[in-house]
Each structure stands twice: as structure tokens, then as C-alpha cells.
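In what follows, a single structure is set out as C-alpha cells and then discussed.
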Amino acid sequence: MAATADIAQANTQAAQTAERWRAVRYLFLIFLGFWLLFTLFPLYFMAITAFKSAAETNLTQPTFWPQEWFPENFVGVFAEPTNFSALVDSFIIATGNTLLSLLLGSLAGYAFARFPRQAGGENMAFWMLSNRMFPPVAILVPMFFLFDNTPWGTDSHISLIILYLVFNLPLATWLMMVFFRDVPHELEEAAYLDGWKPLRAFVKVTLPLVLPGMISVAMLCWIFAWNEYLFANLFVGSDVRTYTIVIPTFTHGSQTLWNLQMAFSLIAMIPPVVLFIVLRRYMVRGLSLGVVKG
Amino acid sequence: MARVTLADVNKIYGTGTRAVHAVQDLDLTINDGEFVALLGPSGCGKTSTLRMIVGLESVTSGRIRFDGQDVTHLEPQQRNVAMAFETYALYPNFTIEENLTFPLEVQGVPPKERRRRAHQVAEMLRITPVLKEKPPGLSGGQQQRVSLGRALIREPAVFILDEVMSHLDAHLKFQMLFDLKRLHRDLKRTMIYVTHDQVEALALADRIAVMSNAKLQQVGGRAALYNRPANAFVADFIGEPPTNFFTARPLQENGSLTMQVDNSTLRFQLSSEAQAAVNATGGERFIVGLRPQNLTLDPNRGDPNRGRLKAAIAINEYLGERSILTLESGKARFRALVPPETAAGQRDIIDLFYDPTRVMIFDAETEDLIV
Ligand SMILES: Nc1ncnc2c1ncn2[C@@H]1O[C@H](COP(=O)(O)OP(=O)(O)OP(=O)(O)O)[C@@H](O)[C@H]1O
Ligand SMILES: [Mg+2]
């Protein structure tokens, strides 16, 4: 008798635990649902605004679905022909800066990882990273004067490509240092003993192992440079224009043309999204820092 | 293949107060085709020595020669040396076959020939079934054989193995010891094998170089190391269980010299040769060493000159094919290896016998062997 009672009790207990877990799961799903709404809503609103008429964007009672569709907006944003070249300029600057950040960051990161004492050690690496910690606006004006005195001036691709190194190089250096550290030095030493010269050993053995990490770093740098507004707004504007400083120009008198701004933003989102989708496989691997553990 | 000569080699890491003298005044010659084990406790400078031989570490002072040719300042690529790393150091994104052929690729060996040699080496090391896999999917023993194979696939002047068995279980280790011995017999390469495990060193090597505290202590075959250790360290390090040591002072008794152990009633008889040697030093303090294997419970093996020790049993450890007795007499503690059926229990007082010629005497200061 007692035994059956025990079993019955154990059963109810198990049932209770299962019940509790199911409740936790539902709560979690509800939370995720809210999170999704919260993060996706701005994107959704941006997308539908891009298809609205200018009049509809200014209603006091906002609409959550266009009353009338205006795909012409996407043509309208290119009424000013230089607007397209702004996208190209942004692309040149972001790509140029990314390549330079990767090259210099990899060299510095390799030095910090392999020769910590000769390269100034962890403190030096951390000092580089700490360069990212000041508010950018603090160096806005000094940087303007500094670049104004260079042969290419402020209003050029090269000025922003170099300037953005201030933000991207520390990040690239630090992350590449972490990735290189994950690759045992012995792999390179084994390659030397196998007869390979240092540079070729690096290219054959080390580089493929840090490549996923490198691609992640490239993405982070590229997106930062692509989206930068503060410095671009002050530095460039006539010879060179980035897409970020074009967006605020969509106005009509004192009226902000939200529909055009959103349409242009939507277009500007395409390159990073495409890049992300193409490189996603590598990014996830790189950012989990498990490069060699394979 | 080559004869390797290390002449007065020193390695100092760092500078100033943080300098570490990792290898000190090392003189060692490894003959062509010889298998030498470098044996010593952790941190004694074995890896540093190897890394200098292969050229991965600079030499602070001294010379390294291969067959008389000075290679002290040559790059690793120019030395034609092969090394199997303790951590295997396999290239994780290459297949096993690519790992094996990597040294051939840089020499410009055509792909077909590379494949043939890879298969040949894989055959020899029994890793053919995994040639297409990548290192993370392999067991420790397989990875270890791949790292050996990568070193063997070309014909290196010197073949160096750094603690390659420390990650293998006992069974696999036994198998690999056998394989290595066979490889050396078949290939007749100059091999340097680094280990802190004396069993591996004794099983494999023609000669063993014992290192401690950055210094080479003794080089020799197993009999020399076992029977005539150069100093107390070697006597302690070689042999299992380790040698018993006693601090003692000389005592004249009935016209012959004996060694009276401090704080104990133990007294050692010495051979006449030893007595003469001790007298010649005129010292007051000595270290007496006697191996647990050289103590026996058997009184009637006829020799009237046998020494005798009386002590109480502290521990009787039964280890299957033998027992280890830990004995006490006064403050002195020592061990004896006895047959497993020994029925003596704790606190029993027993007599142990030894051959006086087996007693080793070391200088108390320098710990060098006197006799
Ligand atoms: N790159 C280095 N920089 C500074 N000190 C080092 C370096 N490499 C080794 N040492 C020091 O040199 C000494 C000898 O080290 P080594 O690696 O040669 O010992 P080992 O005999 O191989 O030890 P183990 O059995 O633990 O591998 C140690 O005290 C170690 O701390
Ligand atoms: Mg070592």
C-alpha cells in the first residue's frame, strides 16, 4: 500500500516539475516575442514610411500601413544625381578604412600576441584599446584643423579613411591579438622546422586559422565606417559626400521629407545586410573566439 | 644523419634581476645514429636545450655543431632537423595527409611522390585509415603518430622528440615505446628523446643524459647510471623506489671504518676500497646511499662480510609482485624491497642484510660520489 502511495507521490512531483518547466518556457517565449516587437518595430516603421506620401508622414495620427503606396519615393531620392555617388563615396571610405584597419591591426595584433614583451605588453595593448573610450566629439575640432593642414584637406576620401582608424584600429588590433593568441605559436615553429620561411609559414598555417576572426573584425570596422555621421558631417560635403550626410538633406522648405529619408536609409541598409548574410557563417565562428578549437 | 655536439652551451632568458639561467655549461656529444634520452625533472632545461639544437631558441653562449659544421646561428629551416612536439602541433585545418606532406611541399616534391611517401609513412605508423581526416577528430595516440610521421617523412639530420608520450595512457605508451624502438632500429637516425620519466628513458635510449637545475649531471648507459651514479641527485632520480640516503659520520671500530648514521643506531659496514677512499678525503660528514633493491631479509646467503641493519617496520606496502617496507630506526627512515609474501607487521623489529660493496658514499657538501 505504502509503495503505491510513494509512486503516486513521485508521479505528482514529476508532473509538477514538468509543469513548472513548461511555464518557464512560455514566459521565455513571451519575453522573446516582446523583444522582437521592440527591436523590429523601428525597422518596420522605417520600411512603411519609405512607401508613404509626404503628406501621410505628417499626419498627427500616425498610420501603421500606407493609405496609398508611393514606390516612386525610391526614384525620387536619386533626383539629385550626386546622391548615388554618395553611396559610392561611403563604400570607398568604408572599404578603404576596413582594409587598412585589417592590415595594420593584424600586424600589431600579431606583435602583441607573439612578442608581448618586445611590443610593450598587455598594458600597451590595453592603452590602444582605451583610445576608444573617450567621447569622439572631444577630438572633433582638433581633428578638423589637423586634417585641414594635410595636402588632401578634409574634404576627401583619404581623410576619413585615416580618421576612422582612430576608432577601428584599436578594435582591430585588440581582436586580432586575441585571435592570434588562440593559434599556438608551436604551429608556426613546426612549420619552420618543416622548412617554411616565416612569412610563408604565416600565410599557410596561421592566416587560415584566424581568417574567420578577421572577417568578423572586417564586418565590425566596415559597419562603423559606413554608418559614421559626426565626423563625416564636419569633414566632407562638397567634393566627397557620405550617404549619412545626404539623409538630412531631404527636406522641402522647413518640412522634413520623412518618406524620402526612410527610402534612402532603406537603400543604404542593403550593402551591410547583404555582406552580413554572405559572411554570416564566418562571423559567428569568429565572434565565438573558437577559431582553432575547430 | 649527423653527430650532434654541444660545446659549453648556455641559455639565459631575460636580463637583469629577472634573468633565468635555463641551461648552464652544457657539454654533450650525440653520436651518429645514436638514441640519447635527455632525462630530468620538470623545469631543468630539457626543452630549452632541444629548442637550441633545432634553432628555435638563440644560444646565449657556446657552440652547436652537426657533424663538425657550426650551426649555432643557422635558422631552423637551414638545419634539417625534425621535432615532434609535446603538444603534437598538428595543423588543425589540414588533413592528416596534408600534415604529413607539408615538409615535402616546400621542398618542391611533386604531388604524386608526396602522396606515395605519405602512404608509406602512414603504413609504417599504422595511420592509413585516417589519412583523409583532420587532426581534431583523431585520438591522442593517432595524433602523436602523425606528428612522428611528419618528422620522419623527410630525412632529417637529427630527429628530436619532446615528451611525446606524456599525454598517452600506460597501454598506448607501452605500444609507442615498442614502435619507437623499432623505428630507430630500422632507420638508424640520430634521435634525442626528452622525458621526465625514467622508465621511458631506460627502455629506449642507448645513453641517457641526466639533467637537473640547468646542469648536465651525468651521461651514460643504464648500468653506469644505476650502479655508479655521479652524485646523489642521479642516485635519487634513477631507480624506483628511490635510493635511501642517510647523513652519517665515519667511526673507527675494531680497526675498520664504519659509517654511523645521525640520530639513529644504524651503522654501515664499508668495503675496504670504500674505507680507503673515505680515509683519503679526511672528511667528517658524508651521505650514505643504499638502494632499496640491495637490502634483503635473507640472512643465510653465506657471506660473512654482509652488513646488517636492525629497524622497525613503519609501513608494509603490498604491490603485487613485491612489497615495499618502510623502516625506522631513531630519526632515520628508509625503504627496502622485499618478496610479497613477507608477513612482517607494523612495529615488528627485523634484521636486513646488504652487501657492503653496494653502499654508496657521497660528499656531504658537493653531493658528488666518492665511492
Ligand atoms: N621563453 C622563456 N622565457 C623565460 N624563461 C623561460 C622560457 N622558457 C623556459 N624558461 C625557464 O627556463 C627553465 C627551463 O625551462 P624548460 O622548458 O627548458 O624546462 P623543461 O626541462 O623542458 O621542463 P618540463 O619538463 O616542465 O618541460 C624554467 O625555469 C623555465 O621557467
Ligand atoms: Mg619541456
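Chain identifiers are assigned as A, B, and so on, following the order in which chains appear in the C-alpha cells; residues are numbered from 1 within each chain, and ligands are numbered from 1 in order of appearance.
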Tell me, counting only C-alpha atoms and all ligand atoms, for each residue of chain A within 12 Å of ligand 1, which pair of atoms is nearest and how far apart they are in Å to one decimal, in rows ordered by chain and increasing number, as a Markdown table.
```
| residue | atom | partner | partner_atom_place_in_ligand_line | distance |
| --- | --- | --- | --- | --- |
| A:Arg114 | CA | ligand 1 | 1 (N) | 11.2 |
| A:Phe115 | CA | ligand 1 | 1 (N) | 10.4 |
| A:Pro116 | CA | ligand 1 | 1 (N) | 11.3 |
| A:Arg117 | CA | ligand 1 | 3 (N) | 10.3 |
| A:His185 | CA | ligand 1 | 1 (N) | 11.8 |
```
Within 6 Å of chain A: residues of chain B, using only C-alpha atoms, as a PyMOL selection string: chain B and resi 76-77+89+103
Taking only C-alpha atoms and all ligand atoms into account, report as a VMD selection string which residues have an atom no farther than 8 Å from an atom of ligand 2. chain B and resid 42 to 43 45 to 48 86 162 to 163 194
Counting only C-alpha atoms, which of A:Phe41, A:Tyr164, A:Phe202, A:Phe276 gets nearest to Pro136 (chain A)? A:Tyr164
DSSP helix (DSSP H, G or I) selection over region 177-282 of chain A, as a ChimeraX atom specification: /A:177-182,185-193,198-227,230-235,243-249,258-282
Region 17-132 of chain B: which residues are strand (DSSP E or B) by DSSP, as a PyMOL selection string? chain B and resi 20-30+35-39+61-66+69-70+81-84
Since we have the selection now, will you write its residues out, keeping N, CA and C atoms, as a PDB file, in the first residue's frame?
```pdb
ATOM      1  N   VAL B  20      66.765  34.144 -16.184  1.00  0.00           N
ATOM      2  CA  VAL B  20      66.673  32.742 -15.778  1.00  0.00           C
ATOM      3  C   VAL B  20      67.774  31.983 -16.504  1.00  0.00           C
ATOM      4  N   HIS B  21      68.654  31.361 -15.738  1.00  0.00           N
ATOM      5  CA  HIS B  21      69.718  30.581 -16.364  1.00  0.00           C
ATOM      6  C   HIS B  21      69.174  29.174 -16.599  1.00  0.00           C
ATOM      7  N   ALA B  22      68.665  28.921 -17.787  1.00  0.00           N
ATOM      8  CA  ALA B  22      67.927  27.684 -18.038  1.00  0.00           C
ATOM      9  C   ALA B  22      68.844  26.517 -18.395  1.00  0.00           C
ATOM     10  N   VAL B  23      69.965  26.809 -19.043  1.00  0.00           N
ATOM     11  CA  VAL B  23      70.927  25.752 -19.380  1.00  0.00           C
ATOM     12  C   VAL B  23      72.313  26.295 -19.076  1.00  0.00           C
ATOM     13  N   GLN B  24      73.103  25.506 -18.354  1.00  0.00           N
ATOM     14  CA  GLN B  24      74.386  26.009 -17.868  1.00  0.00           C
ATOM     15  C   GLN B  24      75.521  25.091 -18.309  1.00  0.00           C
ATOM     16  N   ASP B  25      76.485  25.656 -19.024  1.00  0.00           N
ATOM     17  CA  ASP B  25      77.732  24.963 -19.393  1.00  0.00           C
ATOM     18  C   ASP B  25      77.500  23.530 -19.861  1.00  0.00           C
ATOM     19  N   LEU B  26      76.644  23.374 -20.848  1.00  0.00           N
ATOM     20  CA  LEU B  26      76.287  22.029 -21.285  1.00  0.00           C
ATOM     21  C   LEU B  26      77.275  21.523 -22.333  1.00  0.00           C
ATOM     22  N   ASP B  27      77.913  20.401 -22.030  1.00  0.00           N
ATOM     23  CA  ASP B  27      78.804  19.727 -22.976  1.00  0.00           C
ATOM     24  C   ASP B  27      78.241  18.352 -23.231  1.00  0.00           C
ATOM     25  N   LEU B  28      77.913  18.071 -24.490  1.00  0.00           N
ATOM     26  CA  LEU B  28      77.290  16.782 -24.771  1.00  0.00           C
ATOM     27  C   LEU B  28      77.516  16.433 -26.233  1.00  0.00           C
ATOM     28  N   THR B  29      77.894  15.187 -26.484  1.00  0.00           N
ATOM     29  CA  THR B  29      78.032  14.736 -27.865  1.00  0.00           C
ATOM     30  C   THR B  29      77.100  13.562 -28.093  1.00  0.00           C
ATOM     31  N   ILE B  30      76.314  13.664 -29.153  1.00  0.00           N
ATOM     32  CA  ILE B  30      75.415  12.576 -29.511  1.00  0.00           C
ATOM     33  C   ILE B  30      75.909  12.014 -30.833  1.00  0.00           C
ATOM     34  N   PHE B  35      70.711   6.845 -30.077  1.00  0.00           N
ATOM     35  CA  PHE B  35      69.454   7.235 -29.445  1.00  0.00           C
ATOM     36  C   PHE B  35      69.781   7.679 -28.023  1.00  0.00           C
ATOM     37  N   VAL B  36      69.691   8.987 -27.789  1.00  0.00           N
ATOM     38  CA  VAL B  36      70.032   9.525 -26.475  1.00  0.00           C
ATOM     39  C   VAL B  36      68.780  10.092 -25.826  1.00  0.00           C
ATOM     40  N   ALA B  37      68.581   9.763 -24.561  1.00  0.00           N
ATOM     41  CA  ALA B  37      67.459  10.346 -23.829  1.00  0.00           C
ATOM     42  C   ALA B  37      67.981  11.456 -22.937  1.00  0.00           C
ATOM     43  N   LEU B  38      67.230  12.556 -22.911  1.00  0.00           N
ATOM     44  CA  LEU B  38      67.549  13.667 -22.032  1.00  0.00           C
ATOM     45  C   LEU B  38      66.528  13.578 -20.899  1.00  0.00           C
ATOM     46  N   LEU B  39      67.039  13.242 -19.715  1.00  0.00           N
ATOM     47  CA  LEU B  39      66.129  12.933 -18.610  1.00  0.00           C
ATOM     48  C   LEU B  39      66.344  13.933 -17.489  1.00  0.00           C
ATOM     49  N   SER B  61      75.502  31.502 -25.107  1.00  0.00           N
ATOM     50  CA  SER B  61      76.922  31.341 -25.413  1.00  0.00           C
ATOM     51  C   SER B  61      77.194  29.868 -25.659  1.00  0.00           C
ATOM     52  N   GLY B  62      78.304  29.594 -26.349  1.00  0.00           N
ATOM     53  CA  GLY B  62      78.627  28.205 -26.675  1.00  0.00           C
ATOM     54  C   GLY B  62      78.389  27.904 -28.135  1.00  0.00           C
ATOM     55  N   ARG B  63      78.672  26.668 -28.519  1.00  0.00           N
ATOM     56  CA  ARG B  63      78.603  26.273 -29.928  1.00  0.00           C
ATOM     57  C   ARG B  63      77.775  25.012 -30.088  1.00  0.00           C
ATOM     58  N   ILE B  64      77.050  24.920 -31.183  1.00  0.00           N
ATOM     59  CA  ILE B  64      76.352  23.689 -31.531  1.00  0.00           C
ATOM     60  C   ILE B  64      76.851  23.266 -32.909  1.00  0.00           C
ATOM     61  N   ARG B  65      77.263  22.009 -33.025  1.00  0.00           N
ATOM     62  CA  ARG B  65      77.784  21.542 -34.314  1.00  0.00           C
ATOM     63  C   ARG B  65      77.050  20.279 -34.739  1.00  0.00           C
ATOM     64  N   PHE B  66      76.769  20.194 -36.039  1.00  0.00           N
ATOM     65  CA  PHE B  66      76.263  18.963 -36.630  1.00  0.00           C
ATOM     66  C   PHE B  66      77.386  18.428 -37.507  1.00  0.00           C
ATOM     67  N   GLN B  69      80.073  20.743 -38.450  1.00  0.00           N
ATOM     68  CA  GLN B  69      79.697  22.026 -39.036  1.00  0.00           C
ATOM     69  C   GLN B  69      78.991  22.881 -37.997  1.00  0.00           C
ATOM     70  N   ASP B  70      79.437  24.125 -37.842  1.00  0.00           N
ATOM     71  CA  ASP B  70      78.866  25.008 -36.841  1.00  0.00           C
ATOM     72  C   ASP B  70      77.477  25.486 -37.292  1.00  0.00           C
ATOM     73  N   VAL B  81      66.450  19.656 -39.302  1.00  0.00           N
ATOM     74  CA  VAL B  81      66.147  18.919 -38.085  1.00  0.00           C
ATOM     75  C   VAL B  81      64.645  18.692 -38.043  1.00  0.00           C
ATOM     76  N   ALA B  82      64.226  17.634 -37.405  1.00  0.00           N
ATOM     77  CA  ALA B  82      62.795  17.380 -37.265  1.00  0.00           C
ATOM     78  C   ALA B  82      62.485  17.245 -35.787  1.00  0.00           C
ATOM     79  N   MET B  83      61.339  17.754 -35.402  1.00  0.00           N
ATOM     80  CA  MET B  83      60.989  17.710 -33.987  1.00  0.00           C
ATOM     81  C   MET B  83      59.525  17.329 -33.848  1.00  0.00           C
ATOM     82  N   ALA B  84      59.263  16.417 -32.929  1.00  0.00           N
ATOM     83  CA  ALA B  84      57.877  16.106 -32.580  1.00  0.00           C
ATOM     84  C   ALA B  84      57.595  16.819 -31.265  1.00  0.00           C
TER      85      ALA B  84
END
```
With only C-alpha atoms as the counted atoms, please give the residues lying no more than 12 Å from region 65-75 of chain A, apart from itself and same-chain residues fewer than 6 positions off, as an MDAnalysis selection string. chainID A and resid 44:57 59 81 83:84 250 257:268
Neighbours of Leu266 (chain B) within 12 Å (only C-alpha atoms; same-chain residues fewer than 4 positions away dropped), as number ranges by chain? B: 246-249, 251, 258-262, 288, 307-312, 327-334, 351-352
From the list B:Leu325, B:Ala276, B:Leu187, B:Ala209, which residue is nearest Ile349 (chain B) when using only C-alpha atoms?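 Going through B:Leu325, B:Ala276, B:Leu187, B:Ala209 one by one, the smallest distance to Ile349 (chain B) is for B:Leu325.
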Coordinates-based distance that separates CA of Arg358 (chain B) from CA of Ser271 (chain B) (Å, one decimal):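 CA of Arg358 (chain B) lies at a distance of 8.6 Å from CA of Ser271 (chain B).
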Of the candidates A:Met214, A:Leu40, A:Val137, A:Met283, which shows the shortest atom-to-atom distance to Leu103 (chain A), using only C-alpha atoms?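 Smallest separation from Leu103 (chain A) among the options: A:Met214.
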Set the distance at 10 Å and use only C-alpha atoms: which residues neighbour Glu365 (chain B) once local chain neighbours fewer than 4 positions away are removed? I'd like the list as a PyMOL selection string. chain B and resi 285-287
Neighbours of Phe353 (chain B) within 12 Å (only C-alpha atoms; same-chain residues fewer than 4 positions away dropped), as an MDAnalysis selection string? chainID B and resid 267:269 290 292:311 336:338 358:359
Generate the output file for the selected residues, N, CA and C atoms, as a tab-separated table (two decimals), in the first residue's frame.
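Contents of selection34.tsv, freshly written:
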```tsv
chain	number	residue	atom	x	y	z
B	267	ARG	N	74.36	1.47	11.53
B	267	ARG	CA	75.78	1.61	11.26
B	267	ARG	C	76.10	0.78	10.02
B	268	PHE	N	76.78	1.43	9.04
B	268	PHE	CA	77.06	0.73	7.79
B	268	PHE	C	78.48	0.19	7.74
B	269	GLN	N	78.62	-1.07	7.32
B	269	GLN	CA	79.93	-1.64	7.02
B	269	GLN	C	80.36	-1.12	5.66
B	290	LEU	N	71.97	3.79	-0.21
B	290	LEU	CA	71.80	2.36	-0.44
B	290	LEU	C	70.44	2.13	-1.08
B	292	PRO	N	66.97	0.45	-2.19
B	292	PRO	CA	66.04	-0.47	-1.54
B	292	PRO	C	66.17	-1.89	-2.10
B	293	GLN	N	66.58	-2.00	-3.38
B	293	GLN	CA	66.74	-3.31	-4.01
B	293	GLN	C	67.90	-4.09	-3.40
B	294	ASN	N	68.86	-3.37	-2.80
B	294	ASN	CA	70.06	-4.02	-2.28
B	294	ASN	C	69.95	-4.40	-0.81
B	295	LEU	N	68.75	-4.28	-0.28
B	295	LEU	CA	68.50	-4.74	1.09
B	295	LEU	C	67.71	-6.04	1.01
B	296	THR	N	68.08	-7.02	1.82
B	296	THR	CA	67.35	-8.29	1.77
B	296	THR	C	67.07	-8.80	3.17
B	297	LEU	N	66.03	-9.63	3.27
B	297	LEU	CA	65.68	-10.22	4.56
B	297	LEU	C	66.38	-11.56	4.77
B	298	ASP	N	67.07	-12.02	3.71
B	298	ASP	CA	67.61	-13.37	3.69
B	298	ASP	C	68.99	-13.40	4.34
B	299	PRO	N	69.15	-13.96	5.55
B	299	PRO	CA	70.41	-13.88	6.28
B	299	PRO	C	71.44	-14.89	5.79
B	300	ASN	N	70.98	-16.03	5.25
B	300	ASN	CA	71.94	-17.11	5.04
B	300	ASN	C	72.38	-17.27	3.60
B	301	ARG	N	72.76	-16.17	3.01
B	301	ARG	CA	73.36	-16.33	1.69
B	301	ARG	C	74.87	-16.33	1.85
B	302	GLY	N	75.26	-16.94	2.96
B	302	GLY	CA	76.63	-17.39	3.14
B	302	GLY	C	77.72	-16.37	3.39
B	303	ASP	N	77.55	-15.12	3.00
B	303	ASP	CA	78.68	-14.20	3.03
B	303	ASP	C	78.90	-13.65	4.44
B	304	PRO	N	80.03	-13.94	5.07
B	304	PRO	CA	80.28	-13.45	6.43
B	304	PRO	C	80.47	-11.94	6.48
B	305	ASN	N	80.80	-11.34	5.31
B	305	ASN	CA	81.04	-9.90	5.30
B	305	ASN	C	79.78	-9.07	5.21
B	306	ARG	N	78.63	-9.74	5.15
B	306	ARG	CA	77.40	-8.99	4.93
B	306	ARG	C	77.14	-8.02	6.06
B	307	GLY	N	76.60	-6.87	5.65
B	307	GLY	CA	76.22	-5.90	6.66
B	307	GLY	C	74.84	-6.22	7.17
B	308	ARG	N	74.53	-5.69	8.33
B	308	ARG	CA	73.23	-5.97	8.91
B	308	ARG	C	72.65	-4.69	9.53
B	309	LEU	N	71.35	-4.45	9.28
B	309	LEU	CA	70.68	-3.29	9.87
B	309	LEU	C	69.50	-3.79	10.68
B	310	LYS	N	69.25	-3.18	11.83
B	310	LYS	CA	68.10	-3.55	12.64
B	310	LYS	C	67.16	-2.35	12.66
B	311	ALA	N	65.89	-2.58	12.29
B	311	ALA	CA	64.96	-1.44	12.26
B	311	ALA	C	63.53	-1.92	12.45
B	336	ALA	N	62.89	-0.72	1.89
B	336	ALA	CA	63.50	-1.94	1.39
B	336	ALA	C	62.50	-2.67	0.53
B	337	LEU	N	63.03	-3.29	-0.55
B	337	LEU	CA	62.18	-4.04	-1.46
B	337	LEU	C	62.27	-5.51	-1.06
B	338	VAL	N	61.15	-6.12	-0.75
B	338	VAL	CA	61.18	-7.50	-0.26
B	338	VAL	C	60.15	-8.33	-1.00
B	358	ARG	N	77.86	-2.52	-2.12
B	358	ARG	CA	76.75	-1.78	-2.73
B	358	ARG	C	76.50	-0.43	-2.06
B	359	VAL	N	77.18	-0.19	-0.95
B	359	VAL	CA	76.96	1.07	-0.23
B	359	VAL	C	77.66	2.20	-0.97
```
Hey, which of A:Leu234, A:Met133, A:Ile161, A:Leu102 ends up closest to Gly213 (chain A)? Count only C-alpha atoms.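 Closest to Gly213 (chain A) of all the choices is A:Leu102.
Interatomic distance, CA of Val210 (chain A) to CA of Phe180 (chain A): 6.6 Å.
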